[in-house]
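First up is the structure itself, then whatever we jot down about it.
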Amino acid sequence: MTVTLTEKAEFRLRAFLRGSAKDGDETTKGIRVSVKDGGCSGYEYAMDVTSQPQPDDLVIQQGSVLVYVDAKSAPLLEGIVIDFVEGVVESGFKFSNPNATSTCGCGKSFKAGDCSPEGVPCS
């Protein structure tokens with residue numbers, strides 16, 4: 001499983017995680033990345049802060065940031081690059097997903113083939 005955080009994304013996430021850490025959860029606090037049905041293209045990205053990953057999550061260390069990947073979302077996230085962009089009009093995390101066959105203008109939702117690796121229609 002390959003998920004890549006750019007230097008800017010790792011810096012932003014690391015600072016955010018340190019600021020939100022409570023005593024005792026610094027070693028397990030990380031970002032959980034997943035995909036859910038929704039958005040204007042069929043799927044949308046989700047990122048949540050967690051110190052208690054799900055039992056089947058895949059764990060990836062990116063520098064000093066732990067990334068937990070939802071196992072069901074893993075095929076749709078394989079090879080994704082997560083960046084952080086700052087601009088006058090828009091700032092936030094940007095997802096570059098090699099599995100996406102089209103993306104929405106918002107950059108937060110995407111379509112992959114027939115909406116999943118198995119070709120199941122979007123719900």
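Convention: chains lettered A, B, ... in structure tokens order; per-chain residue numbering from 1; ligands numbered from 1 as shown.
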
Would you return as a count of residues only the members of chain A that DSSP assigns to strand (DSSP E) on this structure's backbone? 47

So that I can see what lies close to Gly38 in chain A, please list as a list in words the residues with an atom at most 8 Å from it, counting only C-alpha atoms and leaving out residues fewer than 5 positions away in the same chain. Tyr43, Glu44 and Ser109 of chain A

Produce a file of the selected residues containing all heavy atoms, as a PDB file, in the first residue's frame.
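File produced: part.pdb:
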ATOM      1  N   TYR A  43     -17.471   9.247  -5.252  1.00  0.00           N
ATOM      2  CA  TYR A  43     -16.714   8.994  -4.033  1.00  0.00           C
ATOM      3  C   TYR A  43     -16.175  10.318  -3.519  1.00  0.00           C
ATOM      4  O   TYR A  43     -15.904  11.231  -4.300  1.00  0.00           O
ATOM      5  CB  TYR A  43     -15.501   8.097  -4.300  1.00  0.00           C
ATOM      6  CG  TYR A  43     -15.823   6.665  -4.596  1.00  0.00           C
ATOM      7  CD1 TYR A  43     -15.420   6.087  -5.799  1.00  0.00           C
ATOM      8  CD2 TYR A  43     -16.484   5.864  -3.682  1.00  0.00           C
ATOM      9  CE1 TYR A  43     -15.680   4.754  -6.074  1.00  0.00           C
ATOM     10  CE2 TYR A  43     -16.751   4.534  -3.952  1.00  0.00           C
ATOM     11  CZ  TYR A  43     -16.344   3.990  -5.147  1.00  0.00           C
ATOM     12  OH  TYR A  43     -16.598   2.675  -5.416  1.00  0.00           O
ATOM     13  N   GLU A  44     -15.968  10.394  -2.210  1.00  0.00           N
ATOM     14  CA  GLU A  44     -15.278  11.548  -1.667  1.00  0.00           C
ATOM     15  C   GLU A  44     -14.263  11.107  -0.631  1.00  0.00           C
ATOM     16  O   GLU A  44     -14.435  10.075   0.021  1.00  0.00           O
ATOM     17  CB  GLU A  44     -16.233  12.593  -1.113  1.00  0.00           C
ATOM     18  CG  GLU A  44     -17.053  12.188   0.067  1.00  0.00           C
ATOM     19  CD  GLU A  44     -18.027  13.277   0.493  1.00  0.00           C
ATOM     20  OE1 GLU A  44     -17.729  14.465   0.321  1.00  0.00           O
ATOM     21  OE2 GLU A  44     -19.094  12.918   0.995  1.00  0.00           O
ATOM     22  N   SER A 109     -13.909  15.056  -4.507  1.00  0.00           N
ATOM     23  CA  SER A 109     -14.614  13.840  -4.909  1.00  0.00           C
ATOM     24  C   SER A 109     -14.081  13.365  -6.252  1.00  0.00           C
ATOM     25  O   SER A 109     -13.486  14.120  -7.012  1.00  0.00           O
ATOM     26  CB  SER A 109     -16.124  14.064  -4.955  1.00  0.00           C
ATOM     27  OG  SER A 109     -16.477  14.914  -6.003  1.00  0.00           O
TER      28      SER A 109
END

Between A:Val85, A:Gln52, A:Ser73, A:Lys94, which is the closest to Thr27 in chain A once you count only C-alpha atoms? A:Gln52

Closest-contact table, range 16-46 of chain A side, partner range 1-4 of chain A, 12 Å, counting only C-alpha atoms, as JSON lines:
{"residue": "A:Ile31", "atom": "CA", "partner": "A:Val3", "partner_atom": "CA", "distance": 11.8}
{"residue": "A:Arg32", "atom": "CA", "partner": "A:Val3", "partner_atom": "CA", "distance": 11.5}
{"residue": "A:Val33", "atom": "CA", "partner": "A:Val3", "partner_atom": "CA", "distance": 9.5}
{"residue": "A:Ser34", "atom": "CA", "partner": "A:Val3", "partner_atom": "CA", "distance": 11.4}

Can you list, as a CSV table (one decimal) with all heavy atoms, in the first residue's frame, every protein, DNA or RNA residue that comes within 7 Å of Cys104 in chain A when you count only C-alpha atoms, leaving out same-chain residues fewer than 5 positions away?
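Wrote result-v9.csv, looks like this:
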chain,number,residue,atom,x,y,z
A,40,CYS,N,-19.9,14.9,-5.7
A,40,CYS,CA,-20.5,15.0,-6.9
A,40,CYS,C,-20.0,14.1,-8.0
A,40,CYS,O,-20.5,14.0,-9.1
A,40,CYS,CB,-20.4,16.5,-7.4
A,40,CYS,SG,-18.8,17.2,-7.2
A,41,SER,N,-19.0,13.2,-7.7
A,41,SER,CA,-18.5,12.3,-8.7
A,41,SER,C,-18.6,10.8,-8.3
A,41,SER,O,-18.2,10.0,-9.0
A,41,SER,CB,-17.0,12.6,-8.9
A,41,SER,OG,-16.8,13.8,-9.5
A,109,SER,N,-13.9,15.1,-4.5
A,109,SER,CA,-14.6,13.8,-4.9
A,109,SER,C,-14.1,13.4,-6.3
A,109,SER,O,-13.5,14.1,-7.0
A,109,SER,CB,-16.1,14.1,-5.0
A,109,SER,OG,-16.5,14.9,-6.0
A,110,PHE,N,-14.3,12.1,-6.5
A,110,PHE,CA,-13.8,11.5,-7.7
A,110,PHE,C,-14.6,10.3,-8.1
A,110,PHE,O,-15.4,9.8,-7.4
A,110,PHE,CB,-12.3,11.1,-7.5
A,110,PHE,CG,-12.1,9.9,-6.6
A,110,PHE,CD1,-11.9,8.6,-7.0
A,110,PHE,CD2,-12.2,10.1,-5.2
A,110,PHE,CE1,-11.7,7.6,-6.2
A,110,PHE,CE2,-12.0,9.0,-4.3
A,110,PHE,CZ,-11.8,7.8,-4.8

Close residues, range 53-62 of chain A itself excluded, 8 Å, only C-alpha atoms, min 2 positions apart in chain, as a list in words: Met1, Val3, Thr4, Leu5, Glu10, Arg32, Thr50, Ser51, Ser64, Val65, Leu66, Val67, Tyr68, Val69, Asp70 and Ala71 of chain A

So that I can check the secondary structure, give me every residue of chain A assigned alpha helix (DSSP H) by backbone DSSP, as a list in words. Glu7, Lys8, Ala9, Glu10, Phe11, Arg12, Leu13, Arg14, Ala15, Phe16, Leu17, Arg18, Gly19, Ser20, Ala74, Pro75, Leu76 and Leu77 of chain A

Prev. selection, C-alpha atoms, output as an mmCIF file, in the first residue's frame:
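Saved file result.cif follows:
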data_model
loop_
_atom_site.group_PDB
_atom_site.id
_atom_site.type_symbol
_atom_site.label_atom_id
_atom_site.label_comp_id
_atom_site.auth_asym_id
_atom_site.auth_seq_id
_atom_site.Cartn_x
_atom_site.Cartn_y
_atom_site.Cartn_z
ATOM 1 C CA GLU A 7 6.563 17.695 2.625
ATOM 2 C CA LYS A 8 3.971 20.465 3.052
ATOM 3 C CA ALA A 9 1.178 18.020 3.886
ATOM 4 C CA GLU A 10 3.338 16.183 6.402
ATOM 5 C CA PHE A 11 4.357 19.471 8.047
ATOM 6 C CA ARG A 12 0.728 20.646 8.346
ATOM 7 C CA LEU A 13 -0.483 17.310 9.670
ATOM 8 C CA ARG A 14 2.409 16.971 12.110
ATOM 9 C CA ALA A 15 1.745 20.449 13.547
ATOM 10 C CA PHE A 16 -1.981 19.764 13.772
ATOM 11 C CA LEU A 17 -1.487 16.396 15.464
ATOM 12 C CA ARG A 18 0.956 17.817 18.020
ATOM 13 C CA GLY A 19 -1.473 20.606 18.841
ATOM 14 C CA SER A 20 -4.376 18.211 19.354
ATOM 15 C CA ALA A 74 -7.295 0.842 0.136
ATOM 16 C CA PRO A 75 -7.839 -0.233 -3.509
ATOM 17 C CA LEU A 76 -9.175 3.240 -4.330
ATOM 18 C CA LEU A 77 -6.361 4.987 -2.464
#

Any idea what's packed within 8 Å of Ala112 in chain A, counting only C-alpha atoms, ignoring anything in its chain fewer than 5 positions away? Could you give it as an mmCIF file with C-alpha atoms, in the first residue's frame?
data_model
loop_
_atom_site.group_PDB
_atom_site.id
_atom_site.type_symbol
_atom_site.label_atom_id
_atom_site.label_comp_id
_atom_site.auth_asym_id
_atom_site.auth_seq_id
_atom_site.Cartn_x
_atom_site.Cartn_y
_atom_site.Cartn_z
ATOM 1 C CA LEU A 76 -9.175 3.240 -4.330
ATOM 2 C CA ASN A 99 -7.124 5.530 -9.655
ATOM 3 C CA ALA A 100 -9.451 8.441 -10.390
ATOM 4 C CA THR A 101 -10.893 8.464 -13.891
ATOM 5 C CA SER A 102 -12.506 11.861 -13.278
ATOM 6 C CA PRO A 117 -12.437 -1.535 -8.693
#

Separation of CA of Asn97 in chain A and CA of Thr28 in chain A, in Å? 26.0 Å

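Pairwise distance (CA of Val88 in chain A, CA of Thr103 in chain A) equals 21.9 Å.
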